[in-house]
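First the structure, in the form of structure tokens, and then the observations on it.
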Amino acid sequence: MRRINAVLSAVILALFALHGVLGAFQLLDAGTAIVKALSHTLETLVAIHFILGVKFTYDSLRVWRRTGAPYFRQNALFWARRLSGFAIMLLIGFHANAFSYVAEGVVRLKWFTTGRLVAQLLLVAALAVHIIANVKPMLISFGVRKLKPRAGDILFIASALLLLMAAAFIVYYLRWNGQ
């Protein structure tokens with residue numbers, strides 16, 4: 001089950017990068033790719049990943065309850081993974097709400113307010129924490145022996161993409177608000 005989740009995580013990471021780059025280009029008026037099908041595929045895979053994460057968390061909590069040894073301080077990384085994943089799920093709702101408004105059967109954009117900008121930047125931050133906390137375990141599950149170079153490469157690329165996405169949200173906000 002964990003191996004399936006690792007493969008799912010890798011696919012989600014690749015689709016997320018594609019979604020983020022295409023979306024950033026759209027927000028910057030540098031592209032017109034339609035990402036609706038990609039978005040729905042990504043939503044479905046993220047939902048499955050979330051369900052598996054809830055199951056793994058439940059299993060861990062059962063063991064901790066049975067043994068009476070939760071070791072919360074020693075498991076800070078475990079909780080960072082869980083809490084950032086939960087935050088992402090919450091913020092995906094705000095993301096979808098900001099960019100998928102349908103009125104009278106036509107997709108329209110809502111005014112991109114400061115609140116929407118903050119929600120998008122929080123999503124980027126939660127994604128950064130989640131990716132940073134989970135890259136090494138994902139590589140270990142694939143049997144990668146030399147973690148540092150691979151993890152470093154993935155983290156560098158993810159950081160660059162997340163920075164692009166954050167910048168695109170900010171530019172989009174500034175354009176909406178005439179600044």
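Identifiers for the structure tokens are assigned positionally: chains receive A, B, ... in sequence, residues are indexed from 1 per chain, and ligands are indexed from 1 in the order shown.
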Open item on the list: I'd like the contact shell of stretch 168-175 of chain A - 9 Å cut-off, only C-alpha atoms, skipping same-chain residues fewer than 4 positions apart - returned as a ChimeraX atom specification.
Closed with: /A:23-28,112-114,116-117,120-121,163-164,179
With a cut-off of 12 Å, could you pull out the residues of stretch 58-175 of chain A touching stretch 41-51 of chain A and give me the nearest pair of atoms for each, distance in Å to one decimal, using only C-alpha atoms, ordered by chain and ascending number, as a Markdown table?
```
| residue | atom | partner | partner_atom | distance |
| --- | --- | --- | --- | --- |
| A:Tyr58 | CA | A:Ile51 | CA | 10.5 |
| A:Arg81 | CA | A:Phe50 | CA | 11.4 |
| A:Arg82 | CA | A:Phe50 | CA | 9.5 |
| A:Leu83 | CA | A:Phe50 | CA | 11.5 |
| A:Ser84 | CA | A:Phe50 | CA | 11.3 |
| A:Gly85 | CA | A:Phe50 | CA | 7.5 |
| A:Phe86 | CA | A:Phe50 | CA | 8.1 |
| A:Ala87 | CA | A:Phe50 | CA | 11.2 |
| A:Ile88 | CA | A:Val46 | CA | 9.8 |
| A:Met89 | CA | A:Phe50 | CA | 7.9 |
| A:Leu90 | CA | A:Phe50 | CA | 11.3 |
| A:Ile92 | CA | A:Glu43 | CA | 8.7 |
| A:Gly93 | CA | A:Glu43 | CA | 10.2 |
| A:His95 | CA | A:Glu43 | CA | 11.4 |
| A:Ala96 | CA | A:Glu43 | CA | 9.9 |
```
Writing out the chosen residues with all heavy atoms as a CSV table (one decimal), in the first residue's frame:
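Okay, result24.csv is ready:
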```
chain,number,residue,atom,x,y,z
A,58,TYR,N,-4.2,7.0,10.7
A,58,TYR,CA,-5.0,6.2,11.6
A,58,TYR,C,-4.3,5.0,12.1
A,58,TYR,O,-4.3,4.7,13.3
A,58,TYR,CB,-6.3,5.8,10.9
A,58,TYR,CG,-7.2,4.9,11.7
A,58,TYR,CD1,-8.0,5.4,12.7
A,58,TYR,CD2,-7.3,3.5,11.5
A,58,TYR,CE1,-8.8,4.6,13.5
A,58,TYR,CE2,-8.1,2.7,12.2
A,58,TYR,CZ,-8.8,3.3,13.3
A,58,TYR,OH,-9.6,2.5,14.0
A,81,ARG,N,4.3,16.4,8.0
A,81,ARG,CA,3.8,15.8,6.8
A,81,ARG,C,2.3,15.8,6.8
A,81,ARG,O,1.6,16.2,5.8
A,81,ARG,CB,4.3,14.4,6.6
A,81,ARG,CG,5.7,14.3,6.3
A,81,ARG,CD,6.2,12.9,6.2
A,81,ARG,NE,7.6,12.8,6.0
A,81,ARG,CZ,8.5,12.0,6.6
A,81,ARG,NH1,8.0,11.2,7.5
A,81,ARG,NH2,9.7,12.1,6.3
A,82,ARG,N,1.7,15.4,7.9
A,82,ARG,CA,0.2,15.2,8.0
A,82,ARG,C,-0.4,16.6,8.0
A,82,ARG,O,-1.4,16.8,7.3
A,82,ARG,CB,-0.1,14.5,9.3
A,82,ARG,CG,0.2,13.0,9.4
A,82,ARG,CD,0.2,12.4,8.0
A,82,ARG,NE,0.4,10.9,8.0
A,82,ARG,CZ,1.4,10.3,7.5
A,82,ARG,NH1,2.4,10.9,7.0
A,82,ARG,NH2,1.4,9.0,7.5
A,83,LEU,N,0.1,17.5,8.8
A,83,LEU,CA,-0.6,18.9,8.9
A,83,LEU,C,-0.4,19.6,7.6
A,83,LEU,O,-1.4,20.3,7.2
A,83,LEU,CB,0.0,19.6,10.1
A,83,LEU,CG,-0.3,19.1,11.4
A,83,LEU,CD1,0.4,19.9,12.5
A,83,LEU,CD2,-1.8,19.1,11.7
A,84,SER,N,0.7,19.5,6.9
A,84,SER,CA,0.9,20.2,5.6
A,84,SER,C,-0.1,19.6,4.6
A,84,SER,O,-0.7,20.3,3.8
A,84,SER,CB,2.3,20.2,5.1
A,84,SER,OG,2.8,18.9,4.9
A,85,GLY,N,-0.2,18.3,4.6
A,85,GLY,CA,-1.2,17.6,3.7
A,85,GLY,C,-2.6,18.1,3.9
A,85,GLY,O,-3.4,18.3,3.0
A,86,PHE,N,-3.0,18.2,5.2
A,86,PHE,CA,-4.3,18.6,5.6
A,86,PHE,C,-4.5,20.1,5.1
A,86,PHE,O,-5.6,20.4,4.5
A,86,PHE,CB,-4.6,18.5,7.1
A,86,PHE,CG,-5.9,18.9,7.5
A,86,PHE,CD1,-7.0,18.1,7.2
A,86,PHE,CD2,-6.2,20.1,8.1
A,86,PHE,CE1,-8.3,18.5,7.6
A,86,PHE,CE2,-7.4,20.5,8.5
A,86,PHE,CZ,-8.5,19.7,8.2
A,87,ALA,N,-3.5,20.9,5.3
A,87,ALA,CA,-3.6,22.3,4.9
A,87,ALA,C,-3.7,22.4,3.4
A,87,ALA,O,-4.5,23.2,2.9
A,87,ALA,CB,-2.3,23.1,5.4
A,88,ILE,N,-3.0,21.6,2.7
A,88,ILE,CA,-3.1,21.6,1.2
A,88,ILE,C,-4.5,21.2,0.8
A,88,ILE,O,-5.1,21.9,-0.1
A,88,ILE,CB,-2.1,20.6,0.6
A,88,ILE,CG1,-0.7,21.1,0.7
A,88,ILE,CG2,-2.4,20.3,-0.9
A,88,ILE,CD1,0.4,20.1,0.4
A,89,MET,N,-5.1,20.2,1.4
A,89,MET,CA,-6.5,19.8,1.0
A,89,MET,C,-7.5,21.0,1.3
A,89,MET,O,-8.3,21.2,0.4
A,89,MET,CB,-6.9,18.6,1.8
A,89,MET,CG,-6.2,17.3,1.4
A,89,MET,SD,-6.2,17.0,-0.3
A,89,MET,CE,-7.9,16.6,-0.6
A,90,LEU,N,-7.3,21.7,2.4
A,90,LEU,CA,-8.1,22.8,2.7
A,90,LEU,C,-7.9,23.9,1.6
A,90,LEU,O,-8.9,24.5,1.1
A,90,LEU,CB,-7.8,23.3,4.1
A,90,LEU,CG,-8.8,24.0,4.9
A,90,LEU,CD1,-10.0,23.0,5.2
A,90,LEU,CD2,-8.2,24.4,6.2
A,92,ILE,N,-6.7,23.7,-1.4
A,92,ILE,CA,-7.1,23.4,-2.8
A,92,ILE,C,-8.5,23.8,-3.0
A,92,ILE,O,-8.9,24.3,-4.1
A,92,ILE,CB,-6.9,21.8,-3.0
A,92,ILE,CG1,-5.4,21.5,-3.2
A,92,ILE,CG2,-7.7,21.4,-4.2
A,92,ILE,CD1,-5.2,20.0,-3.4
A,93,GLY,N,-9.3,23.7,-2.0
A,93,GLY,CA,-10.7,24.2,-2.1
A,93,GLY,C,-10.7,25.7,-2.4
A,93,GLY,O,-11.5,26.2,-3.3
A,95,HIS,N,-8.3,27.4,-3.8
A,95,HIS,CA,-7.7,27.5,-5.2
A,95,HIS,C,-8.7,27.2,-6.3
A,95,HIS,O,-8.9,28.0,-7.2
A,95,HIS,CB,-6.5,26.5,-5.3
A,95,HIS,CG,-5.8,26.6,-6.6
A,95,HIS,ND1,-5.0,27.6,-7.0
A,95,HIS,CD2,-5.8,25.7,-7.6
A,95,HIS,CE1,-4.5,27.4,-8.2
A,95,HIS,NE2,-4.9,26.2,-8.6
A,96,ALA,N,-9.5,26.2,-6.1
A,96,ALA,CA,-10.5,25.8,-7.1
A,96,ALA,C,-11.6,26.9,-7.1
A,96,ALA,O,-12.1,27.3,-8.2
A,96,ALA,CB,-11.1,24.5,-6.8
```
TODO: Report the residues of chain A whose backbone DSSP state falls under alpha helix (DSSP H), written as a ChimeraX atom specification.
DONE: /A:2-27,36-67,76-99,114-141,147-176
Open item on the list: Taking only C-alpha atoms into account, name the residue in A:Leu127, A:Phe156, A:Ile140, A:His40 that is nearest to A:Ser100.
Closed with: A:His40
TODO: Identify, on the basis of only C-alpha atoms, every residue whose closest approach to A:Pro137 does not exceed 12 Å; exclude the query and any residue fewer than 2 positions from it along the same chain; express the result as a list of chain:residue names.
DONE: A:Arg2, A:Arg3, A:Asn5, A:Ala6, A:Val7, A:Ser9, A:Ala10, A:Leu77, A:Phe78, A:Arg81, A:His130, A:Ile131, A:Ile132, A:Ala133, A:Asn134, A:Val135, A:Leu139, A:Ile140, A:Ser141, A:Phe142, A:Gly143, A:Val144, A:Arg145, A:Leu147, A:Arg150, A:Ala151
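Across chain A, DSSP run on the backbone finds strand (DSSP E) at Tyr101, Val102, Ala103, Val106, Val107 and Arg108 of chain A.
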Go ahead and save the residues from that selection, with N, CA and C atoms, as a CSV table (one decimal), in the first residue's frame.
```csv
chain,number,residue,atom,x,y,z
A,101,TYR,N,-15.1,29.6,-11.3
A,101,TYR,CA,-16.4,30.1,-11.1
A,101,TYR,C,-17.3,30.0,-12.3
A,102,VAL,N,-18.5,29.3,-12.2
A,102,VAL,CA,-19.3,29.2,-13.4
A,102,VAL,C,-20.6,30.0,-13.1
A,103,ALA,N,-21.0,30.8,-14.0
A,103,ALA,CA,-22.2,31.6,-13.9
A,103,ALA,C,-22.9,31.5,-15.2
A,106,VAL,N,-21.3,29.6,-18.0
A,106,VAL,CA,-20.0,30.1,-18.6
A,106,VAL,C,-19.0,30.2,-17.5
A,107,VAL,N,-17.8,29.8,-17.7
A,107,VAL,CA,-16.7,29.9,-16.7
A,107,VAL,C,-16.3,31.4,-16.7
A,108,ARG,N,-16.3,32.0,-15.5
A,108,ARG,CA,-15.9,33.4,-15.4
A,108,ARG,C,-14.9,33.5,-14.2
```
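The space separating atom CA of A:Ala30 from atom CA of A:Phe94 comes to 23.8 Å.
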